[in-house]
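Asks: This is the structure I have questions about; it appears just below.
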Protein chains: 2
Amino acid sequence: MDTFLSIDEVARRTGLSAHTLRYYERIGLIGPVARGSDGRRRYSAADVAWIGFLLRLRGTRMPVASMQAFARLRAAGDHTAGERRQMLEKHLATVVAEIATLQHSAAALADKIAHYRRLEDTGAAPQPSSRRKR
Amino acid sequence: MDTFLSIDEVARRTGLSAHTLRYYERIGLIGPVARGSDGRRRYSAADVAWIGFLLRLRGTRMPVASMQAFARLRAAGDHTAGERRQMLEKHLATVVAEIATLQHSAAALADKIAHYRRLEDTGAAPQPSSRRKR
DNA sequence: GCTTGACTTAGAGCGTGCTCGAACGCCTAG
DNA sequence: CTAGGCGTTCGAGCACGCTCTAAGTCAAGC
């Protein structure tokens, strides 16, 4: 199984740049990646899966510092699983809260838009760049 | 009606710092605020309402540059209402999309947590810092 | 008059998360 | 042997959104 990927392949698959992948490794988000005899990185499937997980955390705006903490726990071994679970639970709670406030804000935005629409339909200046066919 | 507020009062009410309020004014997010005879800012109720709206936009992660664009349109007069509505609609769409991906991620997080919980219950090392009374 | 304290401006500095540049190494093709 | 291309490290630089400092003004209280 030649299941090892070059940094460019991983970049392509994850959407991160090679620069960013090296950066993540530097700051400890990604554990030391295996190297070929020429010193180049050879990412395993597990590495890629972990990066995918990191991207999910990032997508929920977990700060890099927290991801680092999580990565450290992971590297420390199985006995930190409980701690890791707690981190995730805490983070999940903030994500859920954020979803709620976003939904709230989305509703407010929709109201504002409706307000604008009313303004326009009440015969104010017609929109130049908007085909607003009632 | 002494409906004018000092910068500190506005800071208190909006949760922004006085520094940030001045900064927002400097970069054009908040139009020129009226001044008292002593040169100090005197915020009107309309100013405060506008700041509230800005905060909502910020809460949905609208970039400052976009808020500036919106503020410019607003300052340009009523005839930009259509354009402003379009901006809001576009932004609302991104907010809705983001809510969706956050929900997706939240579900994935919940799965991961469940996974950890399973690990723990399958008799791995007991958690030191977790009273997991099955 | 002097002090205190809240305000003003202009501009420098900072935390976060990348992003890029410079200089070099190694492999392959021609 | 040389050139090209892709990788490496180390460190500087950047975009964003504030945040703070410095130096000064003004009004009120002692």
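Naming scheme: A, B, ... for chains in displayed order of the structure tokens; residues 1 onward per chain; ligands 1 onward as shown.
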Define the interface residues of chain B facing chain A as those within 7 Å, counting only C-alpha atoms, and report them as an MDAnalysis selection string.
Replies: chainID B and resid 56 60 79 81:82 85 88:89 92 95 99 102 105:106 109 113 116 125 127 130
Asks: Quick one: which chain D residues come within 10 Å of chain B, and what is the nearest atom pair for each with the distance in Å to one decimal, counting only C-alpha atoms (C1' of nucleotides), rows ordered by chain and ascending number, as a Markdown table?
Replies:
| residue | atom | partner | partner_atom | distance |
| --- | --- | --- | --- | --- |
| D:DC16 | C1' | B:Val64 | CA | 8.6 |
| D:DG17 | C1' | B:Val64 | CA | 8.1 |
| D:DC18 | C1' | B:Thr20 | CA | 6.9 |
| D:DT19 | C1' | B:His19 | CA | 7.3 |
| D:DC20 | C1' | B:His19 | CA | 8.6 |
| D:DT25 | C1' | B:Asp38 | CA | 8.8 |
| D:DC26 | C1' | B:Asp38 | CA | 6.7 |
| D:DA27 | C1' | B:Asp38 | CA | 8.8 |
Asks: So that I can see what lies close to B:Gly28, please list as a list in words the residues with an atom at most 8 Å from it, counting only C-alpha atoms (C1' of nucleotides) and leaving out residues fewer than 4 positions away in the same chain.
Replies: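 Contacts, with the query itself left out: Tyr24, Gln68, Ala71 and Arg72 of chain B.
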Asks: Per residue of chain C within 12 Å of chain A, note the shortest atom pair and the distance in Å to one decimal, counting only C-alpha atoms (C1' of nucleotides), and order the rows by chain and increasing residue number, as a Markdown table.
Replies:
| residue | atom | partner | partner_atom | distance |
| --- | --- | --- | --- | --- |
| C:DG15 | C1' | A:Ala65 | CA | 11.7 |
| C:DT16 | C1' | A:Val64 | CA | 8.5 |
| C:DG17 | C1' | A:Val64 | CA | 8.0 |
| C:DC18 | C1' | A:Thr20 | CA | 7.0 |
| C:DT19 | C1' | A:His19 | CA | 7.3 |
| C:DC20 | C1' | A:His19 | CA | 8.6 |
| C:DG21 | C1' | A:His19 | CA | 11.9 |
| C:DG25 | C1' | A:Asp38 | CA | 8.8 |
| C:DC26 | C1' | A:Asp38 | CA | 6.7 |
| C:DC27 | C1' | A:Asp38 | CA | 8.9 |
Asks: Compare B:Leu29, B:Leu55, B:Arg12, B:Arg42 by their minimum atom-to-atom distance to C:DC7, counting only C-alpha atoms (C1' of nucleotides), and give me the closest one.
Replies: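 Comparing B:Leu29, B:Leu55, B:Arg12, B:Arg42 against C:DC7, the winner is B:Arg42.
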Asks: Expressed in Å to a single decimal, how great is the separation between atom CA of B:Ser66 and atom CA of B:Arg35?
Replies: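 One can read the atom CA of B:Ser66 to atom CA of B:Arg35 distance as 26.9 Å.
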Asks: Could you find all residues in stretch 26-78 of chain B that DSSP calls helix (DSSP H, G or I) from the backbone, and write them as a PyMOL selection string?
Replies: chain B and resi 26+45-59+64-76+78
Asks: Show which residues sit within 12 Å of D:DA23, as a list in words. Count only C-alpha atoms (C1' of nucleotides), and ignore same-chain residues fewer than 6 positions away.
Replies: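 So the residues in contact are DT8, DT9, DA10 and DG11 of chain C.
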Asks: Write a file of the just-selected residues containing N, CA and C atoms (P, O5', C5', C4', C3', O3' and C1' of nucleotides), as a PDB file, in the first residue's frame.
Replies:
ATOM      1  P    DT C   8     -14.914  62.271  23.072  1.00  0.00           P
ATOM      2  O5'  DT C   8     -13.592  63.045  22.597  1.00  0.00           O
ATOM      3  C5'  DT C   8     -13.709  64.396  22.144  1.00  0.00           C
ATOM      4  C4'  DT C   8     -12.357  64.923  21.714  1.00  0.00           C
ATOM      5  C3'  DT C   8     -11.671  64.092  20.640  1.00  0.00           C
ATOM      6  O3'  DT C   8     -12.107  64.469  19.356  1.00  0.00           O
ATOM      7  C1'  DT C   8     -10.125  64.724  22.355  1.00  0.00           C
ATOM      8  P    DT C   9     -11.878  63.492  18.167  1.00  0.00           P
ATOM      9  O5'  DT C   9     -10.319  63.664  17.858  1.00  0.00           O
ATOM     10  C5'  DT C   9      -9.827  64.937  17.456  1.00  0.00           C
ATOM     11  C4'  DT C   9      -8.332  64.867  17.248  1.00  0.00           C
ATOM     12  C3'  DT C   9      -7.933  63.824  16.196  1.00  0.00           C
ATOM     13  O3'  DT C   9      -7.272  64.463  15.113  1.00  0.00           O
ATOM     14  C1'  DT C   9      -6.739  63.455  18.262  1.00  0.00           C
ATOM     15  P    DA C  10      -7.004  63.650  13.782  1.00  0.00           P
ATOM     16  O5'  DA C  10      -5.543  63.078  14.033  1.00  0.00           O
ATOM     17  C5'  DA C  10      -4.550  63.911  14.627  1.00  0.00           C
ATOM     18  C4'  DA C  10      -3.282  63.104  14.794  1.00  0.00           C
ATOM     19  C3'  DA C  10      -3.053  62.097  13.672  1.00  0.00           C
ATOM     20  O3'  DA C  10      -1.679  62.134  13.298  1.00  0.00           O
ATOM     21  C1'  DA C  10      -3.172  60.974  15.755  1.00  0.00           C
ATOM     22  P    DG C  11      -1.127  61.170  12.115  1.00  0.00           P
ATOM     23  O5'  DG C  11      -0.502  59.944  12.907  1.00  0.00           O
ATOM     24  C5'  DG C  11       0.311  60.202  14.045  1.00  0.00           C
ATOM     25  C4'  DG C  11       0.532  58.926  14.809  1.00  0.00           C
ATOM     26  C3'  DG C  11       0.802  57.694  13.926  1.00  0.00           C
ATOM     27  O3'  DG C  11       1.847  56.947  14.522  1.00  0.00           O
ATOM     28  C1'  DG C  11      -0.836  57.201  15.462  1.00  0.00           C
TER      29       DG C  11
END
Asks: Measure the distance from atom CA of A:Thr14 to atom C1' of D:DC6 in Å and round it to one decimal.
Replies: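 Taking atom CA of A:Thr14 and atom C1' of D:DC6, their separation equals 19.2 Å.
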Asks: Can you pull out every residue within 12 Å of C:DG30, counting only C-alpha atoms (C1' of nucleotides), but drop anything in the same chain fewer than 5 positions away, and send it as a list in words?
Replies: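 So, after excluding close chain neighbours, the residues are DC1, DT2, DA3 and DG4 of chain D.
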